[in-house]
Structures are given as C-alpha cells and as structure tokens.
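First up is the structure itself, then whatever we jot down about it.
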Amino acid sequence: MKVSTGLLTLSAVLASSNASPTPAKRDNPQGVDISAYQGTVDFDSLVANGLSFVYIKATEGTTYVDENFSDYYEGATNAGLIRGGYHFAHPSSSSGATQANYFLANGGGWSGDGITLPGALDIEYNPSGDECYGLSASQMVSWVQDFSDTYYSNTGVYPVIYTTTDWWTTCTGNSAAFASTNPLWIARYSSSIGTLPAGWGYTTFWQYADSGANPGDQDEFNGSLQGLKNLALG
Ligand SMILES: *[C@@H]1O[C@H](CO)[C@@H](O)[C@H](O)[C@H]1NC(C)=O
Ligand SMILES: *[C@@H]1O[C@H](CO)[C@@H](O)[C@H](O)[C@H]1NC(C)=O
C-alpha cells in the first residue's frame, strides 16, 4: 500500500523484480485497494471488470486523512461495490486506541449493512526508519491489541489485519494472539501465498500484486461471494 509520503511501498520491499505474477486460479471474489495515489478512479469500470470489493485508504497515524477517501467511498458505494476503509499504522506516534479512534472518526466505521467490510489495520514496514518503529515485539503486540480492542468495542467486529508474514514475524515475534479473532490480509506478490503468520490457518484476503488490470493493489477474497457478503454482515 502507498504511504502518504509515497517514498516507499511494499512493492519496493517485497519485489525483487517488477513482475506481477498471475496465480493460476482466480475464481474467488476479486478486489483492489486504493489511495489518493490512484487519482481518478472509475468505479463502474471496476464492476464491469468483475471486481466485487475495494478497500480504500482512510487514515494514517493521527495526522493524515486521505484526501480522496470520501469521494472514493461514495463512488464505490454508488457502483455497488462492497467496500471498507483502511488505516496505515504509525505505532511509534500514538497509542493503538488513539489511532483506532482517529480511524473510526474519519471513515473507518462499520455497521452490518452487508456492504461494509470491517476496517483494516495496515501494519507493515516503517516507510521512514526502524522497521518495527522502535517497539519491542511485546510492545508491538500490545499496540495492535489496543487498536483491535478499541475498534471492536466501537463496532462489534474485529479489524482485519493487513501485513506481511515477514514483517509480522520480525516485529511481533510472530504473535498468534489475533489468529482467532482478526481476519488476516496478507501481502505476498507471488504465485502462492507462502507461510502464514503463526496461528492463522488461512488468510481472508490476499494482496497478490501491486499492479494489474485495475487501479491499485490487486486483491482477492479467500472464499465465495456469499462469504464476502457475510463478512460485511458481521
Ligand atoms: C484524487 O486525488 C487526485 C490527486 O491525488 C486528484 O487528481 C483526483 O481528482 C482525485 N479524485 C477524486 C475522485 O477525488
Ligand atoms: C483459504 O481458506 C481455506 C479455508 O476456508 C483454506 O483451506 C485455504 O488454505 C485458504 N487459502 C489461503 C491462501 O489461505
């Protein structure tokens, strides 16, 4: 995903080449995740291309609201896409609760209306410095717990956790603390998803490429369209 600085992306970290491998089978519901970096997005064409869902960047830390969030969210809604917001975590700048509340106040809210995906916590490489933001593994787990609990107490659903197995292993000590509560969304640009973080037996979303036929990062839901709708019902 793109951070507001635009200086570094997951793709820069993960991809050793600019290839966007296309996994063999893509029968599951397809989607994208986008931020203002994508500029003008034609949501009707996403539907025409067969996409079912979109995650839209809402916030970062407690100082940044994506300038396109509202327009994108409205556009996605009008086009009939299932959609949700995501928050780019800055775990060194304020508590998990503070950032969850900022996210909730700026687009990350949820209700069981059948078209809103649980908000996603995008937690990954620090775009500017120490990849674990100066937190120990136990401090990082506590930060994520604080964010997750705050989100849950406000909405009744646990946030999706977007990460990479590599970052999660490095910066949380491969914690299994969220596996039974939080849906997982793994970024891995390869033809197979590889090893998942500890505890999770499967992933809910897979970001399999950072570019493709549609704008933004390319994602799929691991399940049926009804399963995707069920996630939006809570
Ligand atoms: C999104 O932001 C870009 C600038 O990043 C702007 O050019 C574009 O018009 C915006 N699109 C919408 C739908 O707001
Ligand atoms: C998708 O979910 C199923 C269980 O519903 C699981 O068996 C499978 O391994 C999952 N795929 C991935 C890539 O996690």
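Identifiers for the structure tokens are assigned positionally: chains receive A, B, ... in sequence, residues are indexed from 1 per chain, and ligands are indexed from 1 in the order shown.
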### Message
What residues of the protein or nucleic acid chains come within 7 Å of ligand 1 when you use only C-alpha atoms and all ligand atoms? Reply as a VMD selection string.
### Response
chain A and resid 36 to 41 67 to 68 71 to 72
Selection export as an mmCIF file, in the first residue's frame, atoms kept: all heavy atoms:
```
data_model
loop_
_atom_site.group_PDB
_atom_site.id
_atom_site.type_symbol
_atom_site.label_atom_id
_atom_site.label_comp_id
_atom_site.auth_asym_id
_atom_site.auth_seq_id
_atom_site.Cartn_x
_atom_site.Cartn_y
_atom_site.Cartn_z
ATOM 1 N N ALA A 36 -5.311 7.898 -2.534
ATOM 2 C CA ALA A 36 -5.317 9.072 -3.415
ATOM 3 C C ALA A 36 -4.259 8.970 -4.505
ATOM 4 O O ALA A 36 -4.375 9.607 -5.564
ATOM 5 C CB ALA A 36 -5.098 10.343 -2.600
ATOM 6 N N TYR A 37 -3.237 8.201 -4.260
ATOM 7 C CA TYR A 37 -2.189 7.946 -5.239
ATOM 8 C C TYR A 37 -2.767 7.486 -6.585
ATOM 9 O O TYR A 37 -2.186 7.733 -7.634
ATOM 10 C CB TYR A 37 -1.255 6.872 -4.671
ATOM 11 C CG TYR A 37 -0.029 6.583 -5.485
ATOM 12 C CD1 TYR A 37 1.127 7.344 -5.321
ATOM 13 C CD2 TYR A 37 -0.018 5.536 -6.399
ATOM 14 C CE1 TYR A 37 2.261 7.066 -6.060
ATOM 15 C CE2 TYR A 37 1.113 5.253 -7.143
ATOM 16 C CZ TYR A 37 2.244 6.019 -6.976
ATOM 17 O OH TYR A 37 3.358 5.748 -7.721
ATOM 18 N N GLN A 38 -3.923 6.832 -6.542
ATOM 19 C CA GLN A 38 -4.515 6.301 -7.776
ATOM 20 C C GLN A 38 -5.208 7.389 -8.609
ATOM 21 O O GLN A 38 -5.606 7.121 -9.746
ATOM 22 C CB GLN A 38 -5.514 5.181 -7.461
ATOM 23 C CG GLN A 38 -4.897 3.789 -7.564
ATOM 24 C CD GLN A 38 -3.916 3.508 -6.445
ATOM 25 O OE1 GLN A 38 -4.220 3.727 -5.289
ATOM 26 N NE2 GLN A 38 -2.730 3.056 -6.792
ATOM 27 N N GLY A 39 -5.381 8.586 -8.051
ATOM 28 C CA GLY A 39 -6.040 9.655 -8.816
ATOM 29 C C GLY A 39 -7.499 9.316 -9.104
ATOM 30 O O GLY A 39 -8.178 8.731 -8.279
ATOM 31 N N THR A 40 -7.945 9.680 -10.281
ATOM 32 C CA THR A 40 -9.344 9.439 -10.626
ATOM 33 C C THR A 40 -9.583 7.950 -10.846
ATOM 34 O O THR A 40 -8.854 7.313 -11.593
ATOM 35 C CB THR A 40 -9.717 10.231 -11.896
ATOM 36 O OG1 THR A 40 -9.458 11.610 -11.636
ATOM 37 C CG2 THR A 40 -11.181 10.046 -12.233
ATOM 38 N N VAL A 41 -10.602 7.424 -10.189
ATOM 39 C CA VAL A 41 -10.938 6.004 -10.323
ATOM 40 C C VAL A 41 -12.374 5.896 -10.829
ATOM 41 O O VAL A 41 -13.281 6.532 -10.291
ATOM 42 C CB VAL A 41 -10.799 5.271 -8.963
ATOM 43 C CG1 VAL A 41 -11.297 3.837 -9.057
ATOM 44 C CG2 VAL A 41 -9.343 5.302 -8.484
ATOM 45 N N GLU A 67 -7.111 12.394 1.090
ATOM 46 C CA GLU A 67 -7.966 13.450 0.526
ATOM 47 C C GLU A 67 -9.041 12.896 -0.412
ATOM 48 O O GLU A 67 -10.027 13.565 -0.678
ATOM 49 C CB GLU A 67 -7.137 14.525 -0.178
ATOM 50 C CG GLU A 67 -6.436 14.076 -1.452
ATOM 51 C CD GLU A 67 -4.962 13.786 -1.257
ATOM 52 O OE1 GLU A 67 -4.581 13.364 -0.129
ATOM 53 O OE2 GLU A 67 -4.188 13.966 -2.208
ATOM 54 N N ASN A 68 -8.853 11.681 -0.903
ATOM 55 C CA ASN A 68 -9.837 11.110 -1.818
ATOM 56 C C ASN A 68 -10.788 10.138 -1.140
ATOM 57 O O ASN A 68 -11.667 9.603 -1.802
ATOM 58 C CB ASN A 68 -9.136 10.362 -2.960
ATOM 59 C CG ASN A 68 -8.652 11.305 -4.047
ATOM 60 O OD1 ASN A 68 -8.612 12.515 -3.851
ATOM 61 N ND2 ASN A 68 -8.270 10.756 -5.170
ATOM 62 N N ASP A 71 -14.688 10.738 -1.593
ATOM 63 C CA ASP A 71 -15.125 10.586 -2.988
ATOM 64 C C ASP A 71 -15.053 9.123 -3.418
ATOM 65 O O ASP A 71 -15.966 8.618 -4.087
ATOM 66 C CB ASP A 71 -14.256 11.437 -3.920
ATOM 67 C CG ASP A 71 -14.593 12.920 -3.822
ATOM 68 O OD1 ASP A 71 -15.711 13.246 -3.369
ATOM 69 O OD2 ASP A 71 -13.739 13.745 -4.187
ATOM 70 N N TYR A 72 -13.979 8.480 -3.063
ATOM 71 C CA TYR A 72 -13.831 7.065 -3.434
ATOM 72 C C TYR A 72 -14.919 6.215 -2.781
ATOM 73 O O TYR A 72 -15.501 5.324 -3.405
ATOM 74 C CB TYR A 72 -12.464 6.533 -2.989
ATOM 75 C CG TYR A 72 -11.263 6.944 -3.810
ATOM 76 C CD1 TYR A 72 -9.981 6.675 -3.340
ATOM 77 C CD2 TYR A 72 -11.378 7.563 -5.057
ATOM 78 C CE1 TYR A 72 -8.849 7.006 -4.075
ATOM 79 C CE2 TYR A 72 -10.243 7.911 -5.791
ATOM 80 C CZ TYR A 72 -8.982 7.632 -5.297
ATOM 81 O OH TYR A 72 -7.865 7.960 -6.013
#
```
### Task
Would you return as a ChimeraX atom specification the members of region 14-229 of chain A that DSSP assigns to helix (DSSP H, G or I) on this structure's backbone?
/A:14,36-38,43-48,69-79,96-105,137-155,165-172,225-229
Please save C-alpha atoms of the selected residues as a PDB file, in the first residue's frame.
```
ATOM      1  CA  LEU A  14       8.904  -7.216  -1.464  1.00  0.00           C
ATOM      2  CA  ALA A  36      -5.317   9.072  -3.415  1.00  0.00           C
ATOM      3  CA  TYR A  37      -2.189   7.946  -5.239  1.00  0.00           C
ATOM      4  CA  GLN A  38      -4.515   6.301  -7.776  1.00  0.00           C
ATOM      5  CA  PHE A  43     -15.762   2.567 -10.098  1.00  0.00           C
ATOM      6  CA  ASP A  44     -18.302   1.464 -12.692  1.00  0.00           C
ATOM      7  CA  SER A  45     -15.449   0.082 -14.759  1.00  0.00           C
ATOM      8  CA  LEU A  46     -14.190  -1.861 -11.760  1.00  0.00           C
ATOM      9  CA  VAL A  47     -17.607  -3.503 -11.570  1.00  0.00           C
ATOM     10  CA  ALA A  48     -17.615  -4.076 -15.320  1.00  0.00           C
ATOM     11  CA  PHE A  69     -11.381   8.863   0.777  1.00  0.00           C
ATOM     12  CA  SER A  70     -14.873  10.356   0.784  1.00  0.00           C
ATOM     13  CA  ASP A  71     -15.125  10.586  -2.988  1.00  0.00           C
ATOM     14  CA  TYR A  72     -13.831   7.065  -3.434  1.00  0.00           C
ATOM     15  CA  TYR A  73     -16.132   5.680  -0.764  1.00  0.00           C
ATOM     16  CA  GLU A  74     -19.153   7.329  -2.324  1.00  0.00           C
ATOM     17  CA  GLY A  75     -18.105   6.248  -5.807  1.00  0.00           C
ATOM     18  CA  ALA A  76     -17.611   2.654  -4.701  1.00  0.00           C
ATOM     19  CA  THR A  77     -20.970   2.663  -2.930  1.00  0.00           C
ATOM     20  CA  ASN A  78     -22.814   4.071  -5.910  1.00  0.00           C
ATOM     21  CA  ALA A  79     -21.225   1.476  -8.182  1.00  0.00           C
ATOM     22  CA  GLY A  96      -3.362   1.937  19.308  1.00  0.00           C
ATOM     23  CA  ALA A  97      -6.562   3.248  20.905  1.00  0.00           C
ATOM     24  CA  THR A  98      -5.859   6.802  19.781  1.00  0.00           C
ATOM     25  CA  GLN A  99      -5.257   5.672  16.202  1.00  0.00           C
ATOM     26  CA  ALA A 100      -8.315   3.397  16.170  1.00  0.00           C
ATOM     27  CA  ASN A 101     -10.470   6.324  17.317  1.00  0.00           C
ATOM     28  CA  TYR A 102      -8.965   8.577  14.642  1.00  0.00           C
ATOM     29  CA  PHE A 103      -9.673   5.927  12.018  1.00  0.00           C
ATOM     30  CA  LEU A 104     -13.242   5.462  13.285  1.00  0.00           C
ATOM     31  CA  ALA A 105     -13.829   9.210  13.162  1.00  0.00           C
ATOM     32  CA  ALA A 137       7.765  -7.379  19.929  1.00  0.00           C
ATOM     33  CA  SER A 138       5.694  -7.345  23.119  1.00  0.00           C
ATOM     34  CA  GLN A 139       5.112  -3.591  22.822  1.00  0.00           C
ATOM     35  CA  MET A 140       4.017  -4.098  19.219  1.00  0.00           C
ATOM     36  CA  VAL A 141       1.576  -6.852  20.183  1.00  0.00           C
ATOM     37  CA  SER A 142       0.143  -4.573  22.888  1.00  0.00           C
ATOM     38  CA  TRP A 143      -0.210  -1.749  20.370  1.00  0.00           C
ATOM     39  CA  VAL A 144      -2.123  -3.951  17.936  1.00  0.00           C
ATOM     40  CA  GLN A 145      -4.253  -5.295  20.802  1.00  0.00           C
ATOM     41  CA  ASP A 146      -5.116  -1.769  21.886  1.00  0.00           C
ATOM     42  CA  PHE A 147      -6.107  -0.820  18.332  1.00  0.00           C
ATOM     43  CA  SER A 148      -8.078  -4.013  17.815  1.00  0.00           C
ATOM     44  CA  ASP A 149      -9.915  -3.869  21.146  1.00  0.00           C
ATOM     45  CA  THR A 150     -10.848  -0.221  20.616  1.00  0.00           C
ATOM     46  CA  TYR A 151     -12.141  -0.936  17.136  1.00  0.00           C
ATOM     47  CA  TYR A 152     -14.101  -3.925  18.412  1.00  0.00           C
ATOM     48  CA  SER A 153     -15.680  -2.087  21.315  1.00  0.00           C
ATOM     49  CA  ASN A 154     -16.897   0.630  18.943  1.00  0.00           C
ATOM     50  CA  THR A 155     -18.160  -1.554  16.111  1.00  0.00           C
ATOM     51  CA  THR A 165       4.450 -12.690   7.152  1.00  0.00           C
ATOM     52  CA  ASP A 166       7.981 -11.304   7.168  1.00  0.00           C
ATOM     53  CA  TRP A 167       7.107  -8.068   8.968  1.00  0.00           C
ATOM     54  CA  TRP A 168       4.786  -9.816  11.416  1.00  0.00           C
ATOM     55  CA  THR A 169       7.441 -12.372  12.267  1.00  0.00           C
ATOM     56  CA  THR A 170      10.115  -9.726  12.710  1.00  0.00           C
ATOM     57  CA  CYS A 171       8.130  -7.114  14.615  1.00  0.00           C
ATOM     58  CA  THR A 172       5.597  -9.069  16.694  1.00  0.00           C
ATOM     59  CA  LEU A 225     -19.082 -14.100  -2.894  1.00  0.00           C
ATOM     60  CA  GLN A 226     -21.550 -15.071  -0.186  1.00  0.00           C
ATOM     61  CA  GLY A 227     -18.639 -15.404   2.226  1.00  0.00           C
ATOM     62  CA  LEU A 228     -17.537 -11.882   1.339  1.00  0.00           C
ATOM     63  CA  LYS A 229     -21.068 -10.603   1.926  1.00  0.00           C
TER      64      LYS A 229
END
```
### Given 6 Å and only C-alpha atoms and all ligand atoms, residues near ligand 2 as a PyMOL selection string
chain A and resi 193+202-203+222
### Query
What are the DSSP strand (DSSP E) residues of region 19-206 of chain A, as a PyMOL selection string?
chain A and resi 30-34+53-60+64-65+82-88+120-122+160-163+184-187+205-206
### Task
Find the residues around His87 (chain A) up to 10 Å (only C-alpha atoms counted), leave out those fewer than 4 positions away in its own chain, and share them as a list in words.
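The contact residues come out as Ile56, Lys57, Ala58, Thr59, Glu60, Gly61, Thr62, Tyr64, Val65, Asp66, Gln99, Ala100, Tyr102, Phe103, Leu104, Asn106, Gly107, Gly108, Gly119, Ala120, Leu121, Asp122, Ile123 and Tyr162 of chain A.
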Store the residues picked out above, limited to N, CA and C atoms, as an mmCIF file, in the first residue's frame.
```
data_model
loop_
_atom_site.group_PDB
_atom_site.id
_atom_site.type_symbol
_atom_site.label_atom_id
_atom_site.label_comp_id
_atom_site.auth_asym_id
_atom_site.auth_seq_id
_atom_site.Cartn_x
_atom_site.Cartn_y
_atom_site.Cartn_z
ATOM 1 N N ILE A 56 -10.315 1.092 0.757
ATOM 2 C CA ILE A 56 -9.947 2.473 0.453
ATOM 3 C C ILE A 56 -9.196 3.059 1.639
ATOM 4 N N LYS A 57 -8.069 3.675 1.348
ATOM 5 C CA LYS A 57 -7.288 4.260 2.434
ATOM 6 C C LYS A 57 -8.038 5.419 3.067
ATOM 7 N N ALA A 58 -8.162 5.367 4.390
ATOM 8 C CA ALA A 58 -8.826 6.444 5.122
ATOM 9 C C ALA A 58 -7.807 7.320 5.840
ATOM 10 N N THR A 59 -6.971 6.709 6.648
ATOM 11 C CA THR A 59 -6.124 7.484 7.559
ATOM 12 C C THR A 59 -4.741 6.874 7.734
ATOM 13 N N GLU A 60 -3.868 7.716 8.305
ATOM 14 C CA GLU A 60 -2.516 7.307 8.711
ATOM 15 C C GLU A 60 -2.222 7.968 10.034
ATOM 16 N N GLY A 61 -1.691 7.224 10.988
ATOM 17 C CA GLY A 61 -1.357 7.836 12.271
ATOM 18 C C GLY A 61 -2.550 8.577 12.848
ATOM 19 N N THR A 62 -2.303 9.814 13.274
ATOM 20 C CA THR A 62 -3.423 10.670 13.686
ATOM 21 C C THR A 62 -3.330 12.037 13.023
ATOM 22 N N TYR A 64 -3.254 12.308 9.269
ATOM 23 C CA TYR A 64 -3.459 12.277 7.821
ATOM 24 C C TYR A 64 -4.757 11.571 7.462
ATOM 25 N N VAL A 65 -5.628 12.293 6.777
ATOM 26 C CA VAL A 65 -6.830 11.706 6.191
ATOM 27 C C VAL A 65 -6.648 11.749 4.684
ATOM 28 N N ASP A 66 -6.816 10.622 4.048
ATOM 29 C CA ASP A 66 -6.634 10.568 2.594
ATOM 30 C C ASP A 66 -7.625 11.516 1.921
ATOM 31 N N GLN A 99 -5.201 5.800 17.669
ATOM 32 C CA GLN A 99 -5.257 5.672 16.202
ATOM 33 C C GLN A 99 -6.541 4.979 15.741
ATOM 34 N N ALA A 100 -7.036 4.030 16.526
ATOM 35 C CA ALA A 100 -8.315 3.397 16.170
ATOM 36 C C ALA A 100 -9.437 4.435 16.199
ATOM 37 N N TYR A 102 -9.153 7.663 15.787
ATOM 38 C CA TYR A 102 -8.965 8.577 14.642
ATOM 39 C C TYR A 102 -9.490 7.940 13.354
ATOM 40 N N PHE A 103 -9.176 6.675 13.181
ATOM 41 C CA PHE A 103 -9.673 5.927 12.018
ATOM 42 C C PHE A 103 -11.203 5.880 12.029
ATOM 43 N N LEU A 104 -11.778 5.549 13.172
ATOM 44 C CA LEU A 104 -13.242 5.462 13.285
ATOM 45 C C LEU A 104 -13.910 6.803 12.978
ATOM 46 N N ASN A 106 -12.856 9.015 10.945
ATOM 47 C CA ASN A 106 -12.534 9.524 9.610
ATOM 48 C C ASN A 106 -12.725 8.467 8.516
ATOM 49 N N GLY A 107 -13.787 7.701 8.652
ATOM 50 C CA GLY A 107 -14.137 6.786 7.565
ATOM 51 C C GLY A 107 -14.038 5.310 7.892
ATOM 52 N N GLY A 108 -13.386 4.985 9.015
ATOM 53 C CA GLY A 108 -13.159 3.572 9.321
ATOM 54 C C GLY A 108 -14.303 2.870 10.026
ATOM 55 N N GLY A 119 -13.073 -2.515 9.048
ATOM 56 C CA GLY A 119 -11.894 -1.694 8.822
ATOM 57 C C GLY A 119 -10.625 -2.527 8.914
ATOM 58 N N ALA A 120 -9.619 -2.140 8.136
ATOM 59 C CA ALA A 120 -8.368 -2.891 8.123
ATOM 60 C C ALA A 120 -7.246 -2.060 8.730
ATOM 61 N N LEU A 121 -6.458 -2.722 9.553
ATOM 62 C CA LEU A 121 -5.240 -2.126 10.108
ATOM 63 C C LEU A 121 -4.079 -2.542 9.218
ATOM 64 N N ASP A 122 -3.517 -1.563 8.524
ATOM 65 C CA ASP A 122 -2.372 -1.803 7.637
ATOM 66 C C ASP A 122 -1.115 -1.601 8.472
ATOM 67 N N ILE A 123 -0.487 -2.701 8.846
ATOM 68 C CA ILE A 123 0.686 -2.604 9.710
ATOM 69 C C ILE A 123 1.822 -3.350 9.039
ATOM 70 N N TYR A 162 -3.839 -6.314 8.024
ATOM 71 C CA TYR A 162 -3.076 -6.391 6.773
ATOM 72 C C TYR A 162 -1.596 -6.318 7.113
#
```
### 6 Å contact set for Gly84 (chain A), only C-alpha atoms, chain neighbours under 3 positions out, as a ChimeraX atom specification
/A:55,116-117,119
### Query
From the set A:Gly173, A:Gly201, A:Gly234, A:Gly134, which residue has the shortest atom-to-atom contact distance to Ser92 (chain A), counting only C-alpha atoms?
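Of the candidates, the smallest distance to Ser92 (chain A) is held by A:Gly134.
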### Query
Interatomic distance between CA of Pro127 (chain A) and CA of Ser211 (chain A)?
19.4 Å
